[in-house]
file final_32.txt (compact mmCIF, C-alpha atoms and all ligand atoms)
# COMPACT_ATOMS: atom_id res chain seq x y z
CA MET A 1 19.44 -25.05 3.70
CA ARG A 2 20.36 -21.72 5.26
CA VAL A 3 19.83 -18.64 3.09
CA LEU A 4 20.65 -14.97 3.46
CA VAL A 5 18.34 -12.35 1.99
CA THR A 6 19.78 -8.84 1.83
CA GLY A 7 17.21 -6.07 1.52
CA CYS A 8 14.84 -8.44 3.28
CA ALA A 9 12.45 -5.70 4.41
CA GLY A 10 12.01 -4.47 0.87
CA PHE A 11 9.44 -5.34 -1.76
CA ILE A 12 11.12 -8.24 -3.58
CA GLY A 13 13.37 -9.32 -0.69
CA SER A 14 10.44 -9.91 1.66
CA HIS A 15 8.66 -12.04 -0.94
CA ILE A 16 11.78 -14.15 -1.55
CA ALA A 17 12.27 -14.64 2.21
CA GLU A 18 8.66 -15.82 2.63
CA ARG A 19 9.04 -18.29 -0.24
CA MET A 20 12.23 -19.62 1.37
CA ILE A 21 10.41 -20.16 4.67
CA ASP A 22 7.58 -21.93 2.80
CA LEU A 23 10.17 -24.20 1.17
CA GLY A 24 11.45 -25.15 4.63
CA HIS A 25 14.71 -23.20 4.64
CA GLU A 26 16.28 -21.28 7.48
CA VAL A 27 16.34 -17.59 6.55
CA VAL A 28 18.63 -14.84 7.78
CA GLY A 29 17.31 -11.44 6.71
CA VAL A 30 19.30 -8.20 6.76
CA ASP A 31 18.21 -4.69 5.94
CA CYS A 32 19.50 -1.24 6.84
CA PHE A 33 16.19 0.60 6.27
CA VAL A 34 17.49 3.29 3.93
CA ASP A 35 15.19 6.28 4.27
CA TYR A 36 14.02 6.27 0.62
CA TYR A 37 10.50 5.47 1.86
CA PRO A 38 9.02 5.06 5.35
CA ARG A 39 10.27 2.34 7.64
CA ALA A 40 6.71 1.55 8.73
CA LEU A 41 6.01 0.08 5.27
CA LYS A 42 9.13 -2.06 5.43
CA GLU A 43 8.32 -3.25 8.96
CA ASN A 44 4.94 -4.26 7.60
CA ASN A 45 6.67 -6.28 4.86
CA LEU A 46 8.51 -8.17 7.62
CA ALA A 47 5.43 -8.79 9.77
CA ARG A 48 4.78 -12.40 8.76
CA LEU A 49 8.47 -13.29 8.69
CA ARG A 50 9.00 -12.08 12.24
CA GLU A 51 6.49 -14.71 13.41
CA GLU A 52 8.42 -17.55 11.78
CA PRO A 53 10.76 -19.60 14.03
CA GLN A 54 13.03 -20.35 11.04
CA PHE A 55 13.55 -16.62 10.42
CA SER A 56 16.08 -14.30 12.06
CA PHE A 57 16.66 -10.66 11.29
CA ARG A 58 19.61 -8.31 11.64
CA GLU A 59 19.45 -4.58 11.04
CA LEU A 60 22.71 -4.12 9.22
CA ASP A 61 24.23 -1.84 6.60
CA ILE A 62 26.34 -4.10 4.42
CA SER A 63 28.05 -1.12 2.81
CA VAL A 64 29.86 -0.21 6.05
CA GLU A 65 29.35 -2.73 8.87
CA PRO A 66 31.08 -6.09 9.34
CA ILE A 67 29.12 -8.74 7.48
CA GLU A 68 31.06 -11.95 8.14
CA SER A 69 28.78 -13.11 10.95
CA VAL A 70 25.57 -13.03 8.88
CA CYS A 71 27.30 -15.02 6.12
CA GLU A 72 28.25 -17.79 8.58
CA GLY A 73 26.95 -21.17 7.44
CA VAL A 74 24.91 -19.67 4.58
CA ASP A 75 24.40 -21.75 1.41
CA VAL A 76 22.60 -19.27 -0.84
CA ILE A 77 22.48 -15.46 -0.86
CA TYR A 78 19.67 -13.51 -2.48
CA HIS A 79 21.25 -10.08 -2.76
CA GLN A 80 18.27 -7.75 -3.10
CA ALA A 81 19.57 -4.83 -1.02
CA ALA A 82 19.91 -1.69 -3.11
CA GLN A 83 19.17 1.97 -3.35
CA PRO A 84 16.30 1.73 -5.85
CA GLY A 85 14.57 4.23 -8.10
CA VAL A 86 15.61 5.37 -11.54
CA ARG A 87 14.40 8.96 -11.41
CA ALA A 88 15.88 9.90 -8.03
CA SER A 89 19.47 8.95 -8.77
CA TRP A 90 20.70 12.32 -10.02
CA GLY A 91 22.83 14.93 -8.27
CA GLU A 92 23.99 14.48 -4.70
CA GLU A 93 21.90 11.32 -4.34
CA PHE A 94 24.36 9.48 -6.55
CA GLU A 95 26.67 8.92 -3.59
CA THR A 96 23.92 6.90 -1.87
CA TYR A 97 23.43 4.86 -5.05
CA THR A 98 27.11 4.04 -5.44
CA ARG A 99 27.36 3.12 -1.77
CA HIS A 100 24.36 0.80 -1.60
CA ASN A 101 24.53 -0.65 -5.11
CA VAL A 102 28.24 -0.89 -5.85
CA LEU A 103 30.22 -0.79 -2.61
CA ALA A 104 27.75 -2.97 -0.69
CA THR A 105 27.86 -5.59 -3.45
CA GLN A 106 31.66 -5.59 -3.50
CA ARG A 107 31.83 -5.96 0.30
CA LEU A 108 29.40 -8.85 0.23
CA LEU A 109 31.36 -10.63 -2.50
CA GLU A 110 34.61 -10.12 -0.57
CA ALA A 111 33.03 -11.56 2.54
CA VAL A 112 31.90 -14.73 0.77
CA LYS A 113 34.59 -15.30 -1.82
CA ALA A 114 36.26 -18.12 0.11
CA ARG A 115 33.16 -19.61 1.73
CA GLY A 116 32.13 -22.21 -0.84
CA LEU A 117 28.68 -20.70 -1.36
CA ARG A 118 26.19 -22.68 -3.39
CA LYS A 119 24.90 -19.56 -5.14
CA LEU A 120 24.72 -15.78 -4.92
CA ILE A 121 21.88 -14.23 -6.87
CA TYR A 122 22.12 -10.56 -7.68
CA ALA A 123 19.05 -8.40 -8.27
CA SER A 124 19.96 -6.65 -11.51
CA SER A 125 17.72 -4.42 -13.54
CA SER A 126 16.36 -3.78 -17.02
CA SER A 127 17.67 -0.23 -16.54
CA ILE A 128 21.16 -1.48 -17.46
CA TYR A 129 20.04 -1.58 -21.13
CA GLY A 130 19.12 2.10 -21.38
CA ASP A 131 17.27 2.83 -24.61
CA ALA A 132 17.90 -0.55 -26.21
CA GLU A 133 18.30 -0.80 -29.97
CA ALA A 134 16.14 -3.91 -30.40
CA PHE A 135 13.02 -5.34 -28.78
CA PRO A 136 12.61 -7.79 -27.23
CA THR A 137 16.10 -7.16 -25.88
CA SER A 138 18.39 -10.11 -25.35
CA GLU A 139 21.26 -10.35 -22.87
CA THR A 140 23.75 -9.97 -25.71
CA ALA A 141 22.71 -6.33 -26.26
CA LEU A 142 25.38 -3.85 -25.22
CA PRO A 143 24.35 -2.40 -21.85
CA THR A 144 24.12 1.40 -22.14
CA PRO A 145 22.27 2.76 -19.10
CA ILE A 146 20.79 6.24 -19.35
CA SER A 147 20.30 6.82 -15.62
CA PRO A 148 22.87 7.09 -12.83
CA TYR A 149 20.91 4.31 -11.06
CA GLY A 150 21.35 2.04 -14.11
CA THR A 151 25.12 2.55 -14.09
CA THR A 152 25.33 1.48 -10.43
CA LYS A 153 23.20 -1.63 -11.01
CA LEU A 154 25.39 -2.51 -14.00
CA ALA A 155 28.56 -2.00 -11.96
CA GLY A 156 27.13 -4.31 -9.28
CA GLU A 157 26.34 -6.89 -11.93
CA HIS A 158 29.88 -6.70 -13.31
CA LEU A 159 31.21 -7.25 -9.79
CA THR A 160 29.20 -10.46 -9.41
CA TYR A 161 30.63 -11.66 -12.72
CA LEU A 162 34.24 -10.85 -11.91
CA TYR A 163 34.10 -12.59 -8.52
CA TRP A 164 32.85 -15.64 -10.40
CA ARG A 165 35.67 -15.39 -12.96
CA ASN A 166 38.42 -14.78 -10.42
CA TYR A 167 37.28 -16.61 -7.29
CA GLY A 168 34.69 -19.04 -8.61
CA VAL A 169 31.87 -17.48 -6.55
CA PRO A 170 28.80 -19.01 -8.27
CA THR A 171 26.89 -15.84 -9.10
CA VAL A 172 23.81 -15.30 -11.26
CA ALA A 173 22.42 -11.87 -12.09
CA LEU A 174 18.68 -11.61 -12.73
CA ARG A 175 17.74 -8.53 -14.73
CA TYR A 176 14.29 -7.75 -13.38
CA PHE A 177 11.92 -5.83 -15.65
CA THR A 178 9.75 -3.40 -13.60
CA VAL A 179 8.46 -5.76 -10.92
CA TYR A 180 5.03 -5.08 -9.42
CA GLY A 181 2.54 -6.68 -7.05
CA PRO A 182 1.64 -6.50 -3.35
CA ARG A 183 4.21 -4.47 -1.32
CA GLN A 184 5.47 -2.63 -4.37
CA ARG A 185 7.54 0.41 -3.42
CA PRO A 186 5.46 3.59 -3.01
CA ASP A 187 7.49 5.51 -5.60
CA MET A 188 6.72 3.04 -8.37
CA ALA A 189 4.09 3.59 -11.04
CA PHE A 190 1.42 1.00 -10.13
CA HIS A 191 1.55 1.82 -6.44
CA ARG A 192 1.24 5.56 -7.17
CA PHE A 193 -1.57 5.04 -9.68
CA ILE A 194 -3.55 2.78 -7.34
CA ARG A 195 -3.09 5.15 -4.39
CA ALA A 196 -4.30 8.07 -6.48
CA ALA A 197 -7.26 6.10 -7.92
CA ILE A 198 -8.48 4.97 -4.51
CA ASN A 199 -8.19 8.48 -3.08
CA HIS A 200 -9.75 10.10 -6.19
CA ARG A 201 -6.63 12.16 -6.71
CA PRO A 202 -4.93 12.97 -10.02
CA ILE A 203 -2.54 10.43 -11.51
CA GLN A 204 0.64 11.93 -12.90
CA ILE A 205 1.93 10.43 -16.12
CA TYR A 206 5.49 11.24 -17.13
CA GLY A 207 5.44 12.10 -20.82
CA ASP A 208 2.70 10.95 -23.18
CA GLY A 209 2.05 7.57 -21.51
CA GLU A 210 3.04 5.75 -24.70
CA GLN A 211 6.27 4.47 -23.12
CA THR A 212 6.19 0.70 -22.68
CA ARG A 213 7.34 -1.70 -19.96
CA ASP A 214 7.56 -5.46 -19.68
CA PHE A 215 5.92 -5.41 -16.24
CA THR A 216 6.74 -8.51 -14.14
CA PHE A 217 4.64 -9.87 -11.30
CA VAL A 218 6.63 -10.40 -8.12
CA SER A 219 5.90 -14.13 -7.73
CA ASP A 220 7.33 -14.73 -11.21
CA ALA A 221 10.52 -12.93 -10.16
CA VAL A 222 10.63 -15.11 -7.02
CA ASP A 223 10.22 -18.27 -9.15
CA ALA A 224 13.23 -17.18 -11.20
CA ASN A 225 15.28 -16.78 -8.02
CA VAL A 226 14.34 -20.24 -6.77
CA ALA A 227 15.33 -21.81 -10.08
CA ALA A 228 18.60 -19.87 -10.27
CA ALA A 229 19.54 -21.08 -6.79
CA ASN A 230 18.77 -24.72 -7.49
CA LEU A 231 20.19 -25.20 -10.97
CA ASN A 232 23.81 -25.66 -11.88
CA ILE A 233 24.48 -22.33 -13.57
CA ALA A 234 26.83 -19.46 -12.76
CA GLY A 235 28.52 -16.48 -14.35
CA VAL A 236 25.42 -15.46 -16.31
CA ALA A 237 22.99 -12.55 -16.41
CA LEU A 238 19.40 -13.36 -17.38
CA ASN A 239 16.38 -11.26 -18.30
CA ILE A 240 13.35 -11.76 -16.07
CA GLY A 241 10.32 -10.15 -17.72
CA GLY A 242 6.59 -10.47 -17.38
CA GLY A 243 5.92 -11.72 -20.89
CA SER A 244 4.11 -8.76 -22.40
CA ARG A 245 5.07 -5.23 -23.25
CA VAL A 246 2.35 -2.64 -22.70
CA THR A 247 2.06 1.12 -22.60
CA VAL A 248 1.51 3.08 -19.40
CA ASN A 249 -1.75 4.33 -20.99
CA TYR A 250 -2.94 0.73 -21.26
CA ILE A 251 -2.25 0.28 -17.54
CA LEU A 252 -4.53 3.25 -16.83
CA GLN A 253 -7.29 1.63 -18.87
CA LEU A 254 -6.90 -1.61 -16.89
CA LEU A 255 -6.83 0.26 -13.60
CA GLY A 256 -9.98 2.15 -14.54
CA GLU A 257 -11.74 -1.20 -15.03
CA ILE A 258 -10.39 -2.68 -11.79
CA SER A 259 -11.16 0.36 -9.64
CA GLY A 260 -14.54 0.93 -11.27
CA SER A 261 -14.03 4.66 -11.03
CA GLU A 262 -13.05 7.40 -13.43
CA LEU A 263 -9.36 8.25 -13.23
CA HIS A 264 -8.09 11.82 -13.22
CA ILE A 265 -4.98 11.89 -15.33
CA ASN A 266 -2.38 14.65 -15.66
CA TYR A 267 0.27 14.34 -18.31
CA VAL A 268 3.44 16.05 -17.11
CA GLU A 269 7.01 16.32 -18.37
CA ALA A 270 8.94 13.12 -19.13
CA GLN A 271 11.56 12.35 -16.48
CA LYS A 272 15.30 12.30 -17.05
CA GLY A 273 16.73 8.80 -16.78
CA ASP A 274 13.50 7.03 -17.76
CA VAL A 275 13.93 4.74 -20.74
CA ARG A 276 11.26 4.87 -23.42
CA HIS A 277 10.67 1.14 -23.82
CA THR A 278 11.61 -2.16 -22.21
CA SER A 279 10.89 -5.64 -23.47
CA ALA A 280 12.61 -8.76 -22.21
CA ASP A 281 13.76 -11.58 -24.43
CA THR A 282 13.39 -14.32 -21.83
CA SER A 283 14.47 -17.22 -24.04
CA ALA A 284 17.76 -17.64 -22.15
CA ALA A 285 15.91 -17.69 -18.80
CA ALA A 286 13.48 -20.22 -20.27
CA ARG A 287 16.34 -22.42 -21.46
CA LEU A 288 18.55 -22.19 -18.37
CA LEU A 289 15.98 -21.75 -15.60
CA GLY A 290 12.81 -23.17 -17.11
CA TYR A 291 11.42 -19.67 -16.51
CA THR A 292 7.95 -18.81 -17.82
CA PRO A 293 6.00 -15.90 -16.33
CA VAL A 294 2.58 -17.10 -15.23
CA VAL A 295 0.76 -14.08 -13.77
CA ASP A 296 -0.80 -11.84 -16.40
CA LEU A 297 -1.30 -8.11 -16.02
CA PRO A 298 -5.03 -8.00 -15.21
CA ALA A 299 -4.60 -10.58 -12.43
CA GLY A 300 -1.38 -9.04 -11.14
CA LEU A 301 -2.66 -5.46 -11.12
CA ARG A 302 -5.80 -6.60 -9.32
CA ALA A 303 -3.65 -8.36 -6.70
CA GLU A 304 -1.71 -5.16 -6.07
CA PHE A 305 -4.91 -3.11 -6.00
CA ASP A 306 -6.50 -5.47 -3.43
CA TRP A 307 -3.34 -5.43 -1.32
CA PHE A 308 -3.28 -1.64 -1.19
CA ARG A 309 -6.99 -1.38 -0.42
CA LYS A 310 -6.58 -3.72 2.54
CA LEU A 311 -3.44 -2.01 3.83
CA ASP A 312 -3.84 -0.34 7.20
CA VAL A 313 -4.91 3.28 6.66
CA ARG A 314 -1.92 4.47 8.70
CA LEU A 315 0.37 2.72 6.20
CA GLN A 316 -1.58 4.00 3.20
CA ARG A 317 -1.01 7.50 4.52
CA ALA A 318 2.68 6.77 5.16
CA ALA A 319 3.03 6.04 1.45
CA ASP A 320 1.71 9.49 0.53
CA GLY A 321 4.23 11.88 -0.91
CA HIS A 322 6.27 9.08 -2.55
C1 LIG B 401 11.50 0.11 -12.04
C2 LIG B 401 12.17 0.16 -10.65
O1 LIG B 401 11.81 1.34 -9.98
C3 LIG B 401 13.64 0.04 -10.70
O2 LIG B 401 14.16 -0.10 -9.39
C4 LIG B 401 14.00 -1.14 -11.55
O3 LIG B 401 15.36 -1.32 -11.60
C5 LIG B 401 13.41 -0.94 -12.92
O4 LIG B 401 12.00 -0.94 -12.78
C6 LIG B 401 13.83 -1.97 -13.91
O5 LIG B 401 13.01 -2.70 -14.42
O6 LIG B 401 14.99 -2.05 -14.20
P1 LIG B 401 10.56 1.85 -13.73
O7 LIG B 401 10.50 1.05 -14.99
O8 LIG B 401 10.80 3.31 -13.86
O9 LIG B 401 11.68 1.32 -12.74
O10 LIG B 401 9.22 1.52 -12.95
P2 LIG B 401 7.93 2.36 -12.54
O11 LIG B 401 8.22 3.33 -11.45
O12 LIG B 401 6.87 1.36 -12.24
O13 LIG B 401 7.58 3.22 -13.83
C7 LIG B 401 6.99 2.64 -14.98
C8 LIG B 401 6.65 3.70 -15.97
O14 LIG B 401 5.63 4.55 -15.43
C9 LIG B 401 7.81 4.64 -16.32
O15 LIG B 401 7.77 4.91 -17.69
C10 LIG B 401 7.52 5.92 -15.55
O16 LIG B 401 7.97 7.08 -16.18
C11 LIG B 401 6.01 5.91 -15.48
N1 LIG B 401 5.48 6.61 -14.29
C12 LIG B 401 5.91 6.27 -13.04
C13 LIG B 401 4.55 7.61 -14.46
O17 LIG B 401 4.17 7.96 -15.59
N2 LIG B 401 4.05 8.23 -13.34
C14 LIG B 401 4.44 7.90 -12.08
O18 LIG B 401 3.94 8.51 -11.11
C15 LIG B 401 5.40 6.90 -11.92

call {"tool": "encode", "arguments": {"input": "final_32.txt", "output": "structure tokens"}}
result
Amino acid sequence: MRVLVTGCAGFIGSHIAERMIDLGHEVVGVDCFVDYYPRALKENNLARLREEPQFSFRELDISVEPIESVCEGVDVIYHQAAQPGVRASWGEEFETYTRHNVLATQRLLEAVKARGLRKLIYASSSSIYGDAEAFPTSETALPTPISPYGTTKLAGEHLTYLYWRNYGVPTVALRYFTVYGPRQRPDMAFHRFIRAAINHRPIQIYGDGEQTRDFTFVSDAVDANVAAANLNIAGVALNIGGGSRVTVNYILQLLGEISGSELHINYVEAQKGDVRHTSADTSAAARLLGYTPVVDLPAGLRAEFDWFRKLDVRLQRAADGH
């Protein structure tokens, strides 16, 4: 099988591409290296893939450049390319979010609508729920994002649905709940906390730390993608959560144990756009994909901690300031 991974140099995209290679598929990776965080970190994500004979890479911005050639002969698309980050999506930045999350998705769907794809899987987000009314939240809840980022991810998700309804493009949206693990983006909580802990610098907590997340280990998210590609489902959006909802304060306690050092914690103002709680009802994913998260938080956080500690010092420094 030939697969296309958009956003292949990113956190989740690079893990999906590696799994595809391990499963024996031919992988075409594209990425446009948006400048949200340093390219050196993304190049490092691609390091193993670049050694693989079954892997080819194109630097390409799917929001503006012709994309037909990379879709040639492709059976499955894992559409992970996006402008990520909830808290940075305000103000002038919104244009970047609409371009990479909405327009890019629409252009990709246009390019493949008549190609007889086997599946297109869209990386959606728990942020589409906003401050949900019920926990765990099921897919039937009315999406009400509270960040500009969330609105663009929801618009992208709607696009995948409407190309399925109108053109029969077999799309599945996976609503990831705060994915973490090795290669996590440097702006995300665990990466920032680990970086601060290792360097004995203060950890900044937005608000009182009592907000909760259904943190999801990256290999569980990859498993969900593999199942969604292989099974005969389309036109659905499914929650992909980690299986437990914990507070940010609890994460600090775990990290203190893993790092074996005292953490310096600063509580600062809560950030606009951040939801208070997330919790995934994954019963639909269990039923339709056979999805069950298998990596628990202590093991997953330790894996991310070990990854960061072993990261080249030059790359650790490149992550600073994010
Ligand atoms: C994450 C991703 O960044 C989004 O791209 C993704 O769409 C989203 O998950 C999702 O699940 O939909 P977020 O939940 O904000 O967004 O993930 P983190 O950056 O890991 O933040 C987790 C929590 O830690 C948030 O409550 C945040 O306010 C808090 N945090 C983060 C801090 O207290 N301090 C920090 O330095 C960073």

call {"tool": "residues_around", "arguments": {"input": "final_32.txt", "residues": "range 144-161 of chain A", "least_positions_apart": "5", "cutoff": "9 Å", "atoms": "only C-alpha atoms", "output": "count of residues only"}}
result
47

call {"tool": "closest_residue", "arguments": {"input": "final_32.txt", "among": "A:Gly181, A:Pro53, A:Gly10, A:Gly168", "to": "Arg115 in chain A", "atoms": "only C-alpha atoms"}}
result
A:Gly168

call {"tool": "residues_around", "arguments": {"input": "final_32.txt", "residues": "range 186-203 of chain A", "least_positions_apart": "4", "cutoff": "10 Å", "atoms": "all atoms listed in the file", "output": "PyMOL selection string"}}
result
chain A and resi 11+36-38+41+84-88+178-182+215+248+251-252+255-256+258-268+301-302+304-306+308-309+316-322

call {"tool": "atom_distance", "arguments": {"input": "final_32.txt", "atom1": "CA of Val5 in chain A", "atom2": "CA of Ile77 in chain A"}}
result
5.9 Å

call {"tool": "atom_distance", "arguments": {"input": "final_32.txt", "atom1": "CA of Thr137 in chain A", "atom2": "CA of Thr292 in chain A"}}
result
16.3 Å

call {"tool": "residues_near_point", "arguments": {"input": "final_32.txt", "point": "(10.1, -24.7, 4.3)", "cutoff": "12 Å", "atoms": "only C-alpha atoms", "output": "list of chain:residue names"}}
result
A:Met1, A:Arg2, A:Val3, A:Ala17, A:Glu18, A:Arg19, A:Met20, A:Ile21, A:Asp22, A:Leu23, A:Gly24, A:His25, A:Glu26, A:Val27, A:Glu52, A:Pro53, A:Gln54, A:Phe55

call {"tool": "closest_residue", "arguments": {"input": "final_32.txt", "among": "A:Asn45, A:Ile12, A:Phe57, A:Asp208", "to": "Asp31 in chain A", "atoms": "only C-alpha atoms"}}
result
A:Phe57

call {"tool": "closest_residue", "arguments": {"input": "final_32.txt", "among": "A:Val294, A:Val30, A:Ala229, A:Leu174", "to": "ligand LIG 401 (chain B)", "atoms": "all atoms listed in the file"}}
result
A:Leu174

call {"tool": "residues_near_point", "arguments": {"input": "final_32.txt", "point": "(9.4, -3.3, 6.8)", "cutoff": "12 Å", "atoms": "only C-alpha atoms", "output": "ChimeraX atom specification"}}
result
/A:7-15,29-35,37-50,57,59,183-185,315

call {"tool": "closest_residue", "arguments": {"input": "final_32.txt", "among": "A:Arg213, A:Arg165, A:Ala303, A:Val226", "to": "Phe135 in chain A", "atoms": "all atoms listed in the file"}}
result
A:Arg213

call {"tool": "decode", "arguments": {"input": "final_32.txt", "residues": "range 43-116 of chain A", "atoms": "C-alpha atoms", "output": "PDB file, in the first residue's frame"}}
result
ATOM      1  CA  GLU A  43      14.255  17.478  10.840  1.00  0.00           C
ATOM      2  CA  ASN A  44      15.168  15.358  13.832  1.00  0.00           C
ATOM      3  CA  ASN A  45      11.680  13.808  13.766  1.00  0.00           C
ATOM      4  CA  LEU A  46      12.370  12.788  10.153  1.00  0.00           C
ATOM      5  CA  ALA A  47      15.847  11.378  10.814  1.00  0.00           C
ATOM      6  CA  ARG A  48      14.924   7.686  10.892  1.00  0.00           C
ATOM      7  CA  LEU A  49      12.436   8.001   8.042  1.00  0.00           C
ATOM      8  CA  ARG A  50      15.017   9.559   5.744  1.00  0.00           C
ATOM      9  CA  GLU A  51      17.081   6.362   6.042  1.00  0.00           C
ATOM     10  CA  GLU A  52      14.193   4.177   4.888  1.00  0.00           C
ATOM     11  CA  PRO A  53      14.157   3.125   1.199  1.00  0.00           C
ATOM     12  CA  GLN A  54      10.334   2.932   1.259  1.00  0.00           C
ATOM     13  CA  PHE A  55      10.098   6.579   2.344  1.00  0.00           C
ATOM     14  CA  SER A  56      10.133   9.681   0.159  1.00  0.00           C
ATOM     15  CA  PHE A  57       9.735  13.263   1.274  1.00  0.00           C
ATOM     16  CA  ARG A  58       8.522  16.447  -0.397  1.00  0.00           C
ATOM     17  CA  GLU A  59       8.724  19.878   1.165  1.00  0.00           C
ATOM     18  CA  LEU A  60       5.369  21.218   0.120  1.00  0.00           C
ATOM     19  CA  ASP A  61       2.759  23.676   1.360  1.00  0.00           C
ATOM     20  CA  ILE A  62      -0.566  22.049   0.589  1.00  0.00           C
ATOM     21  CA  SER A  63      -2.422  25.296   1.245  1.00  0.00           C
ATOM     22  CA  VAL A  64      -0.922  26.959  -1.855  1.00  0.00           C
ATOM     23  CA  GLU A  65       1.181  24.607  -4.011  1.00  0.00           C
ATOM     24  CA  PRO A  66      -0.049  22.008  -6.512  1.00  0.00           C
ATOM     25  CA  ILE A  67      -0.656  18.748  -4.683  1.00  0.00           C
ATOM     26  CA  GLU A  68      -1.842  16.371  -7.401  1.00  0.00           C
ATOM     27  CA  SER A  69       1.561  14.746  -7.890  1.00  0.00           C
ATOM     28  CA  VAL A  70       1.976  13.668  -4.251  1.00  0.00           C
ATOM     29  CA  CYS A  71      -1.519  12.139  -4.297  1.00  0.00           C
ATOM     30  CA  GLU A  72      -0.641   9.989  -7.339  1.00  0.00           C
ATOM     31  CA  GLY A  73      -1.221   6.293  -6.644  1.00  0.00           C
ATOM     32  CA  VAL A  74      -1.921   6.880  -2.935  1.00  0.00           C
ATOM     33  CA  ASP A  75      -4.348   4.527  -1.154  1.00  0.00           C
ATOM     34  CA  VAL A  76      -4.586   6.151   2.283  1.00  0.00           C
ATOM     35  CA  ILE A  77      -3.945   9.716   3.465  1.00  0.00           C
ATOM     36  CA  TYR A  78      -3.140  10.561   7.070  1.00  0.00           C
ATOM     37  CA  HIS A  79      -3.823  14.284   7.091  1.00  0.00           C
ATOM     38  CA  GLN A  80      -1.879  15.525  10.111  1.00  0.00           C
ATOM     39  CA  ALA A  81      -0.643  18.842   8.689  1.00  0.00           C
ATOM     40  CA  ALA A  82      -1.990  21.775  10.674  1.00  0.00           C
ATOM     41  CA  GLN A  83      -1.156  24.989  12.410  1.00  0.00           C
ATOM     42  CA  PRO A  84      -1.322  23.688  15.984  1.00  0.00           C
ATOM     43  CA  GLY A  85      -1.599  25.346  19.366  1.00  0.00           C
ATOM     44  CA  VAL A  86      -4.711  26.518  21.142  1.00  0.00           C
ATOM     45  CA  ARG A  87      -3.315  29.534  22.951  1.00  0.00           C
ATOM     46  CA  ALA A  88      -1.498  31.130  20.002  1.00  0.00           C
ATOM     47  CA  SER A  89      -4.447  31.309  17.639  1.00  0.00           C
ATOM     48  CA  TRP A  90      -5.663  34.803  18.512  1.00  0.00           C
ATOM     49  CA  GLY A  91      -5.246  38.067  16.625  1.00  0.00           C
ATOM     50  CA  GLU A  92      -3.295  38.255  13.390  1.00  0.00           C
ATOM     51  CA  GLU A  93      -2.200  34.635  13.749  1.00  0.00           C
ATOM     52  CA  PHE A  94      -5.704  33.518  12.872  1.00  0.00           C
ATOM     53  CA  GLU A  95      -4.956  33.915   9.172  1.00  0.00           C
ATOM     54  CA  THR A  96      -2.230  31.263   9.470  1.00  0.00           C
ATOM     55  CA  TYR A  97      -4.676  28.953  11.262  1.00  0.00           C
ATOM     56  CA  THR A  98      -7.392  29.311   8.644  1.00  0.00           C
ATOM     57  CA  ARG A  99      -4.860  28.771   5.862  1.00  0.00           C
ATOM     58  CA  HIS A 100      -3.222  25.645   7.237  1.00  0.00           C
ATOM     59  CA  ASN A 101      -6.236  24.080   8.938  1.00  0.00           C
ATOM     60  CA  VAL A 102      -9.151  24.979   6.681  1.00  0.00           C
ATOM     61  CA  LEU A 103      -7.883  25.925   3.229  1.00  0.00           C
ATOM     62  CA  ALA A 104      -5.200  23.204   3.157  1.00  0.00           C
ATOM     63  CA  THR A 105      -7.784  20.572   4.085  1.00  0.00           C
ATOM     64  CA  GLN A 106     -10.192  21.774   1.400  1.00  0.00           C
ATOM     65  CA  ARG A 107      -7.440  21.740  -1.250  1.00  0.00           C
ATOM     66  CA  LEU A 108      -6.408  18.229  -0.292  1.00  0.00           C
ATOM     67  CA  LEU A 109      -9.998  16.974  -0.465  1.00  0.00           C
ATOM     68  CA  GLU A 110     -10.469  18.619  -3.876  1.00  0.00           C
ATOM     69  CA  ALA A 111      -7.309  16.975  -5.141  1.00  0.00           C
ATOM     70  CA  VAL A 112      -8.444  13.490  -4.110  1.00  0.00           C
ATOM     71  CA  LYS A 113     -12.202  13.622  -4.547  1.00  0.00           C
ATOM     72  CA  ALA A 114     -12.178  11.613  -7.778  1.00  0.00           C
ATOM     73  CA  ARG A 115      -9.234   9.340  -7.010  1.00  0.00           C
ATOM     74  CA  GLY A 116     -10.958   6.379  -5.379  1.00  0.00           C
TER      75      GLY A 116
END
